[in-house]
file coords-v3.tsv (TSV, C-alpha atoms)
chain	number	residue	atom	x	y	z
J	501	MET	CA	112.84	80.83	109.00
J	502	GLU	CA	113.44	77.14	109.40
J	503	GLU	CA	115.96	75.58	107.07
J	504	PHE	CA	114.59	73.73	104.05
J	505	MET	CA	116.16	72.00	101.08
J	506	MET	CA	117.52	74.58	98.64
J	507	ILE	CA	117.06	74.05	94.92
J	508	SER	CA	119.74	74.19	92.25
J	509	GLU	CA	120.18	77.04	89.80
J	510	ASP	CA	119.07	74.79	86.92
J	511	GLU	CA	115.92	73.82	88.81
J	512	PHE	CA	115.20	77.48	89.54
J	513	ILE	CA	115.55	78.36	85.84
J	514	ASN	CA	113.13	75.55	84.97
J	515	ILE	CA	110.64	76.91	87.52
J	516	ILE	CA	110.94	80.41	86.04
J	517	GLU	CA	110.37	79.11	82.52
J	518	GLY	CA	107.80	76.35	83.14
J	519	LEU	CA	105.90	77.48	86.23
J	520	LEU	CA	106.11	81.28	86.20
J	521	LYS	CA	106.07	81.45	82.39
J	522	ARG	CA	108.93	83.92	82.17
J	523	ASP	CA	111.37	83.47	79.28
J	524	VAL	CA	114.90	84.17	80.51
J	525	LYS	CA	116.86	81.56	78.57
J	526	ASP	CA	116.66	83.65	75.43
J	527	ASN	CA	117.35	86.91	77.28
J	528	LEU	CA	120.91	86.50	78.50
J	529	ASN	CA	121.08	89.96	80.08
J	530	GLN	CA	118.09	89.21	82.30
J	531	LYS	CA	119.27	85.68	83.05
J	532	ASN	CA	122.78	86.83	84.01
J	533	SER	CA	121.36	89.52	86.26
J	534	ILE	CA	118.95	87.17	88.03
J	535	MET	CA	121.46	84.37	88.48
J	536	ALA	CA	124.43	86.51	89.54
J	537	SER	CA	126.17	85.41	92.72
J	538	VAL	CA	125.12	86.98	96.00
J	539	ASP	CA	128.43	88.81	96.46
J	540	GLU	CA	128.37	90.43	93.00
J	541	ASN	CA	127.52	94.13	92.80
J	542	GLN	CA	125.46	95.07	89.78
J	543	TYR	CA	124.45	98.33	88.13
J	544	LEU	CA	121.69	97.70	85.59
J	545	VAL	CA	120.34	100.22	83.10
J	546	ALA	CA	116.99	99.43	81.50
J	547	GLY	CA	114.20	101.40	79.88
J	548	PRO	CA	110.40	101.25	80.36
J	549	GLY	CA	108.83	97.86	79.70
J	550	SER	CA	112.15	96.02	79.69
J	551	GLY	CA	111.26	93.80	82.65
J	552	LYS	CA	112.94	95.59	85.58
J	553	THR	CA	110.26	94.52	88.07
J	554	THR	CA	110.38	90.92	86.88
J	555	VAL	CA	114.17	90.80	87.24
J	556	LEU	CA	114.02	92.29	90.74
J	557	VAL	CA	111.37	89.82	91.89
J	558	LEU	CA	113.22	86.84	90.43
J	559	LYS	CA	116.48	87.98	92.07
J	560	ILE	CA	114.68	88.09	95.44
J	561	LEU	CA	113.29	84.58	94.87
J	562	LYS	CA	116.70	83.32	93.79
J	563	TYR	CA	118.22	84.68	97.02
J	564	ILE	CA	115.58	82.82	99.06
J	565	PHE	CA	115.24	79.49	97.24
J	566	VAL	CA	118.73	79.03	95.76
J	567	ASP	CA	121.09	81.03	97.96
J	568	ASP	CA	119.40	80.34	101.32
J	569	ILE	CA	119.18	84.03	102.25
J	570	ASN	CA	116.80	84.72	105.11
J	571	PRO	CA	113.96	86.94	103.77
J	572	GLU	CA	114.42	89.40	106.66
J	573	ASN	CA	117.95	90.11	105.39
J	574	ILE	CA	116.69	91.33	102.00
J	575	VAL	CA	116.01	95.05	101.44
J	576	VAL	CA	114.54	96.41	98.23
J	577	THR	CA	113.96	100.12	97.64
J	578	THR	CA	112.07	101.82	94.84
J	579	PHE	CA	110.90	105.33	94.01
J	580	THR	CA	107.13	105.12	94.54
J	581	LYS	CA	104.78	103.41	96.96
J	582	LYS	CA	102.84	101.98	93.99
J	583	ALA	CA	106.00	100.31	92.65
J	584	ALA	CA	106.83	99.00	96.13
J	585	ARG	CA	103.37	97.43	96.48
J	586	GLU	CA	103.67	95.80	93.07
J	587	LEU	CA	107.10	94.40	93.94
J	588	LYS	CA	105.93	92.99	97.26
J	589	ASP	CA	102.67	91.56	95.89
J	590	ARG	CA	104.39	89.82	93.00
J	591	THR	CA	107.21	88.52	95.20
J	592	ILE	CA	104.77	86.93	97.65
J	593	ARG	CA	102.51	85.58	94.88
J	594	TRP	CA	105.34	83.95	92.93
J	595	ALA	CA	107.03	82.67	96.09
J	596	ASN	CA	103.83	80.93	97.14
J	597	ILE	CA	103.58	79.32	93.70
J	598	ILE	CA	107.10	77.95	94.12
J	599	ILE	CA	106.43	76.79	97.69
J	600	LYS	CA	103.34	74.89	96.54
J	601	HIS	CA	105.20	73.40	93.57
J	602	LEU	CA	108.03	72.18	95.81
J	603	SER	CA	105.56	70.91	98.44
J	604	LEU	CA	107.42	72.84	101.15
J	605	GLU	CA	105.82	72.66	104.56
J	606	GLU	CA	108.28	74.95	106.32
J	607	ASN	CA	107.07	78.42	107.24
J	608	ILE	CA	108.77	81.06	105.09
J	609	ASP	CA	108.03	84.56	106.36
J	610	LEU	CA	107.75	86.36	103.03
J	611	ASP	CA	106.39	89.50	104.70
J	612	SER	CA	109.75	89.99	106.40
J	613	VAL	CA	111.34	91.01	103.08
J	614	ILE	CA	111.73	94.79	103.44
J	615	ILE	CA	110.31	96.44	100.33
J	616	GLY	CA	109.40	100.12	100.10
J	617	THR	CA	110.53	103.61	99.21
J	618	LEU	CA	113.69	104.77	100.92
J	619	ASP	CA	111.68	107.27	102.96
J	620	SER	CA	109.06	104.72	104.08
J	621	ILE	CA	111.76	102.24	105.15
J	622	ALA	CA	113.65	104.96	107.00
J	623	GLU	CA	110.49	106.23	108.72
J	624	GLU	CA	109.50	102.75	109.86
J	625	TYR	CA	113.01	102.11	111.19
J	626	LEU	CA	113.17	105.41	113.09
J	627	SER	CA	109.68	104.97	114.55
J	628	ASP	CA	110.93	101.86	116.36
J	629	ILE	CA	113.62	103.97	118.05
J	630	SER	CA	111.80	107.19	118.91
J	631	PRO	CA	108.44	108.72	117.96
J	632	VAL	CA	108.84	111.51	115.41
J	633	GLU	CA	106.53	113.04	112.84
J	634	ILE	CA	107.70	113.24	109.23
J	635	ILE	CA	106.45	116.21	107.21
J	636	ASP	CA	106.04	116.31	103.45
J	637	ASP	CA	107.58	118.82	101.04
J	638	LEU	CA	104.55	121.11	101.19
J	639	ALA	CA	104.72	121.45	104.98
J	640	SER	CA	108.48	121.84	104.83
J	641	SER	CA	108.16	124.66	102.30
J	642	ALA	CA	105.54	126.38	104.47
J	643	ILE	CA	107.84	126.36	107.52
J	644	MET	CA	110.76	127.72	105.48
J	645	MET	CA	108.52	130.47	104.13
J	646	GLN	CA	107.46	131.32	107.69
J	647	VAL	CA	111.13	131.69	108.67
J	648	LEU	CA	111.77	133.95	105.67
J	649	LEU	CA	108.77	136.22	106.19
J	650	ASN	CA	108.76	136.48	109.99
J	651	ASN	CA	112.33	137.76	109.98
J	652	GLN	CA	112.01	139.67	106.69
J	653	TYR	CA	114.89	137.67	105.25
J	654	ASP	CA	113.08	137.86	101.92
J	655	LYS	CA	113.92	141.58	101.77
J	656	ASP	CA	117.61	141.20	102.62
J	657	LYS	CA	119.84	142.45	99.79
J	658	ARG	CA	122.77	140.21	100.79
J	659	LEU	CA	120.62	137.12	100.43
J	660	LYS	CA	119.19	138.21	97.08
J	661	GLN	CA	122.65	139.04	95.73
J	662	PHE	CA	124.04	135.67	96.83
J	663	VAL	CA	121.16	133.75	95.31
J	664	LYS	CA	121.38	135.77	92.10
J	665	LYS	CA	125.09	135.02	91.85
J	666	MET	CA	124.60	131.29	92.51
J	667	LYS	CA	121.90	131.16	89.81
J	668	ASN	CA	124.07	133.01	87.25
J	669	ASN	CA	121.58	135.86	87.21
J	670	GLN	CA	118.86	133.47	86.05
J	671	GLY	CA	115.38	133.60	87.60
J	672	GLY	CA	113.77	135.93	90.09
J	673	SER	CA	114.32	136.72	93.76
J	674	SER	CA	110.80	136.63	95.17
J	675	ALA	CA	110.11	134.99	98.53
J	676	SER	CA	109.05	131.84	96.67
J	677	ASP	CA	112.25	131.84	94.58
J	678	LEU	CA	114.38	132.28	97.71
J	679	ASN	CA	112.45	129.51	99.46
J	680	ASN	CA	113.09	127.04	96.63
J	681	PHE	CA	116.75	127.97	96.37
J	682	ILE	CA	117.43	127.62	100.11
J	683	HIS	CA	115.67	124.25	100.20
J	684	ASN	CA	117.82	122.96	97.33
J	685	PHE	CA	120.96	124.50	98.83
J	686	ARG	CA	120.26	122.84	102.19
J	687	GLU	CA	119.62	119.48	100.53
J	688	ARG	CA	123.02	119.60	98.86
J	689	ILE	CA	124.70	120.32	102.22
J	690	TYR	CA	123.02	117.28	103.78
J	691	TYR	CA	123.26	114.85	100.86
J	692	ASP	CA	126.83	115.78	99.87
J	693	MET	CA	127.90	115.54	103.54
J	694	VAL	CA	129.55	118.94	103.44
J	695	ASP	CA	131.50	120.08	106.50
J	696	TYR	CA	128.86	122.54	107.68
J	697	GLU	CA	130.94	124.15	110.42
J	698	ARG	CA	133.78	124.81	107.99
J	699	LEU	CA	131.31	126.21	105.48
J	700	ILE	CA	130.04	128.71	108.07
J	701	ALA	CA	133.57	129.60	109.22
J	702	ASN	CA	134.55	130.55	105.66
J	703	ALA	CA	131.31	132.38	104.88
J	704	ASN	CA	131.22	136.07	104.03
J	705	ARG	CA	128.13	137.96	102.90
J	706	GLU	CA	126.30	134.69	102.31
J	707	LYS	CA	126.34	133.79	106.01
J	708	ILE	CA	122.72	134.87	106.17
J	709	ILE	CA	121.71	131.75	104.28
J	710	TYR	CA	123.18	129.59	107.04
J	711	ASP	CA	121.31	131.62	109.67
J	712	ILE	CA	118.08	130.82	107.81
J	713	ILE	CA	118.94	127.12	107.56
J	714	ASP	CA	119.81	126.97	111.27
J	715	GLU	CA	116.55	128.66	112.23
J	716	TYR	CA	114.57	126.30	110.00
J	717	ASP	CA	116.31	123.25	111.49
J	718	ASN	CA	115.63	124.55	115.01
J	719	GLN	CA	111.95	125.01	114.15
J	720	LEU	CA	111.73	121.35	113.19
J	721	LYS	CA	113.58	120.15	116.28
J	722	GLN	CA	111.39	122.22	118.61
J	723	ARG	CA	108.29	120.65	117.09
J	724	ASN	CA	109.82	117.14	117.11
J	725	ILE	CA	109.36	116.78	113.38
J	726	MET	CA	111.65	115.90	110.47
J	727	ASP	CA	111.56	116.58	106.77
J	728	TYR	CA	112.73	113.97	104.27
J	729	VAL	CA	116.29	115.33	104.18
J	730	MET	CA	116.66	114.99	107.95
J	731	LEU	CA	114.96	111.59	107.90
J	732	GLU	CA	117.32	110.11	105.31
J	733	THR	CA	120.38	111.62	106.99
J	734	LYS	CA	119.39	110.21	110.39
J	735	PHE	CA	118.65	106.82	108.82
J	736	TYR	CA	122.10	106.81	107.22
J	737	GLU	CA	123.76	107.70	110.54
J	738	LEU	CA	121.94	104.90	112.39

call {"tool": "encode", "arguments": {"input": "coords-v3.tsv", "output": "structure tokens"}}
result
Amino acid sequence: MEEFMMISEDEFINIIEGLLKRDVKDNLNQKNSIMASVDENQYLVAGPGSGKTTVLVLKILKYIFVDDINPENIVVTTFTKKAARELKDRTIRWANIIIKHLSLEENIDLDSVIIGTLDSIAEEYLSDISPVEIIDDLASSAIMMQVLLNNQYDKDKRLKQFVKKMKNNQGGSSASDLNNFIHNFRERIYYDMVDYERLIANANREKIIYDIIDEYDNQLKQRNIMDYVMLETKFYEL
């Protein structure tokens, strides 16, 4: 992006109020969030309909037009693809309104702002490094079930006893119950960054669960596929 004349914070507020028709002067919480300095970390809690999307979009625009942040250095994540599309569409639409208002002729690559779900951003990033297929939760569950049934792990008393103990004797121990439990157990190992080798070394009767996880992971690697847990972990490592 070529350099262009930045605008002041006061001018940006006037554009928000007069051009975009968003009242932030009377909502100090929103105003303070939008106008916070670039190096300030924020944790915002807001309920439905409180203007979260508006605040996010205006923060992005403030970074670009006031703080001179290159759009390609801005990353925004959200939980759903629908929300990501809404964020991106509104960001581009409002940015173009501001560009026209300021009579800017410089080319601002608004599409270079990275907006998406965490998984979609991670998948796009990894695809540039090496081709890999990402499977959804349904396919992941089917492969885990295949591992359980093909080796008759679902009939193993040690596994059922361990799962029963971990669930405080709540729930059943069918193949479907075991499948769900092992998936959740594996997620916690990945997301909590547990020392897996140490976990195995200290395992007793529950070691069978790690055998199942290892076999499942090997199945994915042999097929050159990843589930969301692997995807996010690899993205974090890179």

call {"tool": "residues_around", "arguments": {"input": "coords-v3.tsv", "residues": "J:Leu610", "least_positions_apart": "3", "cutoff": "12 Å", "atoms": "all atoms listed in the file", "output": "PyMOL selection string"}}
result
chain J and resi 501+560-561+564-565+569-574+588-596+599+606-607+613-615

call {"tool": "closest_residue", "arguments": {"input": "coords-v3.tsv", "among": "J:Ala642, J:Lys521, J:Tyr690, J:Asn529", "to": "J:Leu720", "atoms": "all atoms listed in the file"}}
result
J:Ala642

call {"tool": "residues_around", "arguments": {"input": "coords-v3.tsv", "residues": "J:Ile516", "least_positions_apart": "5", "cutoff": "10 Å", "atoms": "only C-alpha atoms", "output": "short mmCIF file (atom, residue, chain, number, x, y, z; two decimals) with C-alpha atoms, in the coordinates of the input"}}
result
data_model
loop_
_atom_site.label_atom_id
_atom_site.label_comp_id
_atom_site.auth_asym_id
_atom_site.auth_seq_id
_atom_site.Cartn_x
_atom_site.Cartn_y
_atom_site.Cartn_z
CA ASP J 510 119.07 74.79 86.92
CA GLU J 511 115.92 73.82 88.81
CA LYS J 521 106.07 81.45 82.39
CA ARG J 522 108.93 83.92 82.17
CA ASP J 523 111.37 83.47 79.28
CA VAL J 524 114.90 84.17 80.51
CA LYS J 525 116.86 81.56 78.57
CA LEU J 558 113.22 86.84 90.43
CA TRP J 594 105.34 83.95 92.93
CA ILE J 598 107.10 77.95 94.12
#

call {"tool": "closest_residue", "arguments": {"input": "coords-v3.tsv", "among": "J:Ile709, J:Ala675, J:Met645, J:Leu731", "to": "J:Tyr691", "atoms": "all atoms listed in the file"}}
result
J:Leu731

call {"tool": "closest_residue", "arguments": {"input": "coords-v3.tsv", "among": "J:Glu737, J:Asp677, J:Glu732, J:Asp656", "to": "J:Glu706", "atoms": "all atoms listed in the file"}}
result
J:Asp656

call {"tool": "atom_distance", "arguments": {"input": "coords-v3.tsv", "atom1": "atom CA of J:Met693", "atom2": "atom CA of J:Ser640"}}
result
20.5 Å

call {"tool": "atom_distance", "arguments": {"input": "coords-v3.tsv", "atom1": "atom CA of J:Ile700", "atom2": "atom CA of J:Leu659"}}
result
14.8 Å

call {"tool": "atom_distance", "arguments": {"input": "coords-v3.tsv", "atom1": "atom CA of J:Gln530", "atom2": "atom CA of J:Leu618"}}
result
24.7 Å

call {"tool": "residues_around", "arguments": {"input": "coords-v3.tsv", "residues": "J:Thr733", "least_positions_apart": "5", "cutoff": "12 Å", "atoms": "all atoms listed in the file", "output": "NGL selection string"}}
result
:J and (618-619 or 622-623 or 626 or 687-693 or 726-728 or 738)

call {"tool": "residues_around", "arguments": {"input": "coords-v3.tsv", "residues": "J:Gly616", "least_positions_apart": "5", "cutoff": "7 Å", "atoms": "only C-alpha atoms", "output": "list in words"}}
result
Val576, Thr577, Thr578, Lys581, Ala584 and Ile621 of chain J

call {"tool": "closest_residue", "arguments": {"input": "coords-v3.tsv", "among": "J:Asp526, J:Glu697, J:Asp568, J:Asp654", "to": "J:Phe681", "atoms": "all atoms listed in the file"}}
result
J:Asp654

call {"tool": "closest_residue", "arguments": {"input": "coords-v3.tsv", "among": "J:Lys707, J:Lys562, J:Arg698, J:Lys660", "to": "J:Val538", "atoms": "only C-alpha atoms"}}
result
J:Lys562

call {"tool": "build_atoms", "arguments": {"input": "coords-v3.tsv", "residues": "stretch 646-669 of chain J", "atoms": "N, CA and C atoms", "output": "mmCIF file, keeping the file's coordinate frame"}}
result
data_model
loop_
_atom_site.group_PDB
_atom_site.id
_atom_site.type_symbol
_atom_site.label_atom_id
_atom_site.label_comp_id
_atom_site.auth_asym_id
_atom_site.auth_seq_id
_atom_site.Cartn_x
_atom_site.Cartn_y
_atom_site.Cartn_z
ATOM 1 N N GLN J 646 107.737 130.634 106.420
ATOM 2 C CA GLN J 646 107.460 131.320 107.690
ATOM 3 C C GLN J 646 108.732 131.934 108.260
ATOM 4 N N VAL J 647 109.832 131.181 108.186
ATOM 5 C CA VAL J 647 111.130 131.690 108.670
ATOM 6 C C VAL J 647 111.547 132.908 107.858
ATOM 7 N N LEU J 648 111.377 132.839 106.539
ATOM 8 C CA LEU J 648 111.770 133.950 105.670
ATOM 9 C C LEU J 648 110.967 135.216 105.946
ATOM 10 N N LEU J 649 109.639 135.059 106.063
ATOM 11 C CA LEU J 649 108.770 136.220 106.190
ATOM 12 C C LEU J 649 108.789 136.823 107.589
ATOM 13 N N ASN J 650 108.799 135.971 108.617
ATOM 14 C CA ASN J 650 108.760 136.480 109.990
ATOM 15 C C ASN J 650 109.980 137.326 110.325
ATOM 16 N N ASN J 651 111.102 137.006 109.707
ATOM 17 C CA ASN J 651 112.330 137.760 109.980
ATOM 18 C C ASN J 651 112.710 138.707 108.846
ATOM 19 N N GLN J 652 111.812 138.806 107.860
ATOM 20 C CA GLN J 652 112.010 139.670 106.690
ATOM 21 C C GLN J 652 113.324 139.362 105.955
ATOM 22 N N TYR J 653 113.709 138.089 106.005
ATOM 23 C CA TYR J 653 114.890 137.670 105.250
ATOM 24 C C TYR J 653 114.652 137.851 103.748
ATOM 25 N N ASP J 654 113.389 137.767 103.349
ATOM 26 C CA ASP J 654 113.080 137.860 101.920
ATOM 27 C C ASP J 654 113.375 139.240 101.337
ATOM 28 N N LYS J 655 113.609 140.235 102.224
ATOM 29 C CA LYS J 655 113.920 141.580 101.770
ATOM 30 C C LYS J 655 115.416 141.899 101.882
ATOM 31 N N ASP J 656 116.190 140.957 102.387
ATOM 32 C CA ASP J 656 117.610 141.200 102.620
ATOM 33 C C ASP J 656 118.392 141.212 101.298
ATOM 34 N N LYS J 657 119.100 142.301 101.037
ATOM 35 C CA LYS J 657 119.840 142.450 99.790
ATOM 36 C C LYS J 657 120.992 141.469 99.673
ATOM 37 N N ARG J 658 121.635 141.152 100.822
ATOM 38 C CA ARG J 658 122.770 140.210 100.790
ATOM 39 C C ARG J 658 122.317 138.845 100.301
ATOM 40 N N LEU J 659 121.155 138.425 100.806
ATOM 41 C CA LEU J 659 120.620 137.120 100.430
ATOM 42 C C LEU J 659 120.268 137.097 98.942
ATOM 43 N N LYS J 660 119.593 138.147 98.478
ATOM 44 C CA LYS J 660 119.190 138.210 97.080
ATOM 45 C C LYS J 660 120.402 138.233 96.154
ATOM 46 N N GLN J 661 121.436 138.971 96.556
ATOM 47 C CA GLN J 661 122.650 139.040 95.730
ATOM 48 C C GLN J 661 123.349 137.682 95.663
ATOM 49 N N PHE J 662 123.396 136.991 96.794
ATOM 50 C CA PHE J 662 124.040 135.670 96.830
ATOM 51 C C PHE J 662 123.290 134.673 95.948
ATOM 52 N N VAL J 663 121.975 134.666 96.094
ATOM 53 C CA VAL J 663 121.160 133.750 95.310
ATOM 54 C C VAL J 663 121.270 134.062 93.823
ATOM 55 N N LYS J 664 121.253 135.342 93.493
ATOM 56 C CA LYS J 664 121.380 135.770 92.100
ATOM 57 C C LYS J 664 122.702 135.313 91.501
ATOM 58 N N LYS J 665 123.761 135.438 92.298
ATOM 59 C CA LYS J 665 125.090 135.020 91.850
ATOM 60 C C LYS J 665 125.143 133.511 91.644
ATOM 61 N N MET J 666 124.575 132.753 92.586
ATOM 62 C CA MET J 666 124.600 131.290 92.510
ATOM 63 C C MET J 666 123.769 130.781 91.323
ATOM 64 N N LYS J 667 122.768 131.563 90.918
ATOM 65 C CA LYS J 667 121.900 131.160 89.810
ATOM 66 C C LYS J 667 122.335 131.792 88.484
ATOM 67 N N ASN J 668 123.545 132.377 88.473
ATOM 68 C CA ASN J 668 124.070 133.010 87.250
ATOM 69 C C ASN J 668 123.097 134.029 86.664
ATOM 70 N N ASN J 669 122.510 134.792 87.584
ATOM 71 C CA ASN J 669 121.580 135.860 87.210
ATOM 72 C C ASN J 669 120.331 135.353 86.481
#
